[in-house]
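Asks: Quick one: this structure, given as structure tokens, is what I'll be asking you about.
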Amino acid sequence: MKFLVFITPHEFRDESLSTVRLFLDKWNIGYSISSYSNKDCIGSHGQVCKVDMNTGKAKAEDFDGIILVDGKGIEAYKIYDFRPLLDLLMKFNEKKKTIIAIENALKIPARANIIKGRKIAMPEDEEAKRLVQLFHGIPSEEKIEVSDNIISVRDHKDLESSMQTIVERLGVA
């Protein structure tokens, strides 16, 4: 099993990436860190992360799923408007591969128009709430929602406690 982990070039949430890496390493799930920069990416708290591959070169058929890490960079770069990433998510969705979105990164699958009729754990971010409604997702107050192949985590603080559900969904627990 192998996942693509997407982060923004700057201002990704360090804590979320650390939790995702810890979880993937613990369960021996392979992963590649990707971004739209070939340079080192820098988190909100200064974590420096080397990129394994440019997201533009990623192919859905090479991975079992994708994890979209949250953070201020989602807004700063308007990642949810970046067509190549939206197209990649559409390919993951067409192949029914797992898509995990953390907090404000939920804007990306919403803008890819792949959440229609699916329960989505609603983050506090007002724009994310608007996009979930606009693209016909079903808002949920739960901290995590698993709806078909899309897993949404309401808040980065809920990520660690949501890991058991995610692991079970992936079939590795």
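Numbering starts fresh at 1 for the residues of each chain in the structure tokens, the chains themselves are lettered A, B, ... in the order given, and ligands are numbered from 1 as they appear.
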Considering only strand (DSSP E) as DSSP defines it on the backbone, what residues of segment 19-132 of chain A qualify? List them as a PyMOL selection string.
Replies: chain A and resi 30-35+41-43+48-49+53-54+65-68+98-102+119-121
Asks: List every residue of segment 51-126 of chain A that has an atom at most 8 Å from any atom of segment 27-44 of chain A, giving for each one its closest atom pair and the distance in Å to one decimal, counting only C-alpha atoms, sorted by chain and then by ascending residue number, as a Markdown table.
Replies:
| residue | atom | partner | partner_atom | distance |
| --- | --- | --- | --- | --- |
| A:Val51 | CA | A:Ile33 | CA | 5.3 |
| A:Asp52 | CA | A:Ile33 | CA | 5.2 |
| A:Met53 | CA | A:Ser34 | CA | 5.0 |
| A:Asn54 | CA | A:Ser35 | CA | 5.4 |
| A:Thr55 | CA | A:Ser34 | CA | 5.2 |
| A:Gly56 | CA | A:Tyr36 | CA | 6.8 |
| A:Gly71 | CA | A:Ser44 | CA | 7.4 |
| A:Lys72 | CA | A:Ser44 | CA | 7.4 |
Asks: How would the residues just picked look written out with N, CA and C atoms as a CSV table (one decimal), in the first residue's frame?
Replies:
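As a result, result.csv now contains:
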chain,number,residue,atom,x,y,z
A,51,VAL,N,10.7,17.1,-0.7
A,51,VAL,CA,9.7,16.6,-1.5
A,51,VAL,C,10.2,15.4,-2.3
A,52,ASP,N,9.5,14.3,-2.4
A,52,ASP,CA,9.9,13.2,-3.1
A,52,ASP,C,9.5,13.3,-4.6
A,53,MET,N,8.4,14.0,-4.9
A,53,MET,CA,8.0,14.2,-6.3
A,53,MET,C,7.1,15.4,-6.4
A,54,ASN,N,7.2,16.0,-7.6
A,54,ASN,CA,6.3,17.1,-8.0
A,54,ASN,C,4.9,16.5,-8.2
A,55,THR,N,3.9,17.1,-7.6
A,55,THR,CA,2.5,16.5,-7.7
A,55,THR,C,2.1,16.5,-9.2
A,56,GLY,N,2.6,17.4,-10.0
A,56,GLY,CA,2.2,17.4,-11.4
A,56,GLY,C,2.6,16.1,-12.2
A,71,GLY,N,-3.5,23.5,6.3
A,71,GLY,CA,-2.6,24.6,6.7
A,71,GLY,C,-2.9,25.9,6.0
A,72,LYS,N,-2.2,27.0,6.4
A,72,LYS,CA,-2.5,28.3,5.8
A,72,LYS,C,-2.1,28.3,4.4
Asks: Could you give me, as a Markdown table, a per-residue list for segment 92-118 of chain A showing, wherever an atom lies at most 9 Å from an atom of segment 138-153 of chain A, the closest pair of atoms and their distance in Å to one decimal, using only C-alpha atoms and sorting by chain then residue number from low to high?
Replies:
| residue | atom | partner | partner_atom | distance |
| --- | --- | --- | --- | --- |
| A:Asn93 | CA | A:Asn149 | CA | 7.3 |
| A:Lys96 | CA | A:Asn149 | CA | 5.8 |
| A:Lys97 | CA | A:Asn149 | CA | 6.1 |
| A:Thr98 | CA | A:Asn149 | CA | 4.8 |
| A:Ile99 | CA | A:Ile150 | CA | 4.9 |
| A:Ile100 | CA | A:Ile151 | CA | 4.7 |
| A:Ala101 | CA | A:Ser152 | CA | 5.0 |
| A:Ile102 | CA | A:Val153 | CA | 4.9 |
| A:Glu103 | CA | A:Val153 | CA | 5.8 |
| A:Leu106 | CA | A:Ser152 | CA | 7.0 |
| A:Pro109 | CA | A:Ile150 | CA | 8.8 |
| A:Ile114 | CA | A:Ile150 | CA | 8.9 |
| A:Ile115 | CA | A:Ile150 | CA | 7.9 |
| A:Lys116 | CA | A:Ile138 | CA | 7.6 |
| A:Gly117 | CA | A:Ile138 | CA | 6.0 |
| A:Arg118 | CA | A:Ser147 | CA | 5.5 |
Asks: Next, dump the selected residues to file, keeping only C-alpha atoms, as a PDB file, in the first residue's frame.
Replies:
ATOM      1  CA  ASN A  93     -12.024   9.363  -7.284  1.00  0.00           C
ATOM      2  CA  LYS A  96     -12.333   4.687  -6.096  1.00  0.00           C
ATOM      3  CA  LYS A  97      -9.001   5.262  -4.383  1.00  0.00           C
ATOM      4  CA  THR A  98      -8.931   6.713  -0.883  1.00  0.00           C
ATOM      5  CA  ILE A  99      -8.905  10.499  -0.586  1.00  0.00           C
ATOM      6  CA  ILE A 100      -8.207  11.880   2.889  1.00  0.00           C
ATOM      7  CA  ALA A 101      -8.689  15.617   3.459  1.00  0.00           C
ATOM      8  CA  ILE A 102      -7.732  17.308   6.719  1.00  0.00           C
ATOM      9  CA  GLU A 103      -9.524  20.466   7.874  1.00  0.00           C
ATOM     10  CA  LEU A 106     -11.288  19.758   2.270  1.00  0.00           C
ATOM     11  CA  PRO A 109     -12.005  17.740  -3.163  1.00  0.00           C
ATOM     12  CA  ILE A 114     -16.262  14.916  -6.122  1.00  0.00           C
ATOM     13  CA  ILE A 115     -18.181  15.295  -2.840  1.00  0.00           C
ATOM     14  CA  LYS A 116     -21.752  15.328  -4.124  1.00  0.00           C
ATOM     15  CA  GLY A 117     -24.005  13.242  -1.892  1.00  0.00           C
ATOM     16  CA  ARG A 118     -21.167  12.337   0.484  1.00  0.00           C
TER      17      ARG A 118
END
Asks: Given only C-alpha atoms as the basis, pick out the residue of A:Leu159, A:Ala128, A:Val20, A:Ala60 nearest to Tyr80 of chain A.
Replies: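 Closest residue, counting only C-alpha atoms: A:Ala128.
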Asks: With a distance cut-off of 12 Å and only C-alpha atoms, select the neighbouring residues of Gly171 of chain A, excluding the residue or stretch itself and same-chain residues fewer than 2 positions from it, and output the selection as a PDB file with C-alpha atoms, in the first residue's frame.
Replies:
ATOM      1  CA  MET A   1       0.000   0.000   0.000  1.00  0.00           C
ATOM      2  CA  TRP A  27       1.380   0.725   9.929  1.00  0.00           C
ATOM      3  CA  ILE A  29       2.280   2.124   4.651  1.00  0.00           C
ATOM      4  CA  ASP A  64      -3.659   3.574  -3.272  1.00  0.00           C
ATOM      5  CA  THR A  98      -8.931   6.713  -0.883  1.00  0.00           C
ATOM      6  CA  GLN A 164      -8.040   4.073  14.190  1.00  0.00           C
ATOM      7  CA  THR A 165     -11.027   4.707  11.924  1.00  0.00           C
ATOM      8  CA  ILE A 166      -8.724   5.537   9.016  1.00  0.00           C
ATOM      9  CA  VAL A 167      -6.581   2.421   9.590  1.00  0.00           C
ATOM     10  CA  GLU A 168      -9.691   0.236   9.717  1.00  0.00           C
ATOM     11  CA  ARG A 169     -11.008   1.812   6.517  1.00  0.00           C
ATOM     12  CA  ALA A 173      -5.650  -2.793  11.345  1.00  0.00           C
TER      13      ALA A 173
END
Asks: From a DSSP calculation on the backbone, collect every residue of segment 71-154 of chain A in helix (DSSP H, G or I) and output the set as a ChimeraX atom specification.
Replies: /A:73-76,79-81,83-94,103-111,126-134
Asks: Kindly give the distance, in Å, that separates atom CA of Phe6 of chain A and atom CA of Ser18 of chain A, rounded to a single decimal.
Replies: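 According to the coordinates, atom CA of Phe6 of chain A and atom CA of Ser18 of chain A are separated by 12.9 Å.
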Asks: Go through A:Met163, A:Ala105, A:Leu4, A:Leu86 one by one, measure the shortest atom-to-atom distance of each to Asp62 of chain A using only C-alpha atoms, and give the residue with the smallest value.
Replies: A:Leu4
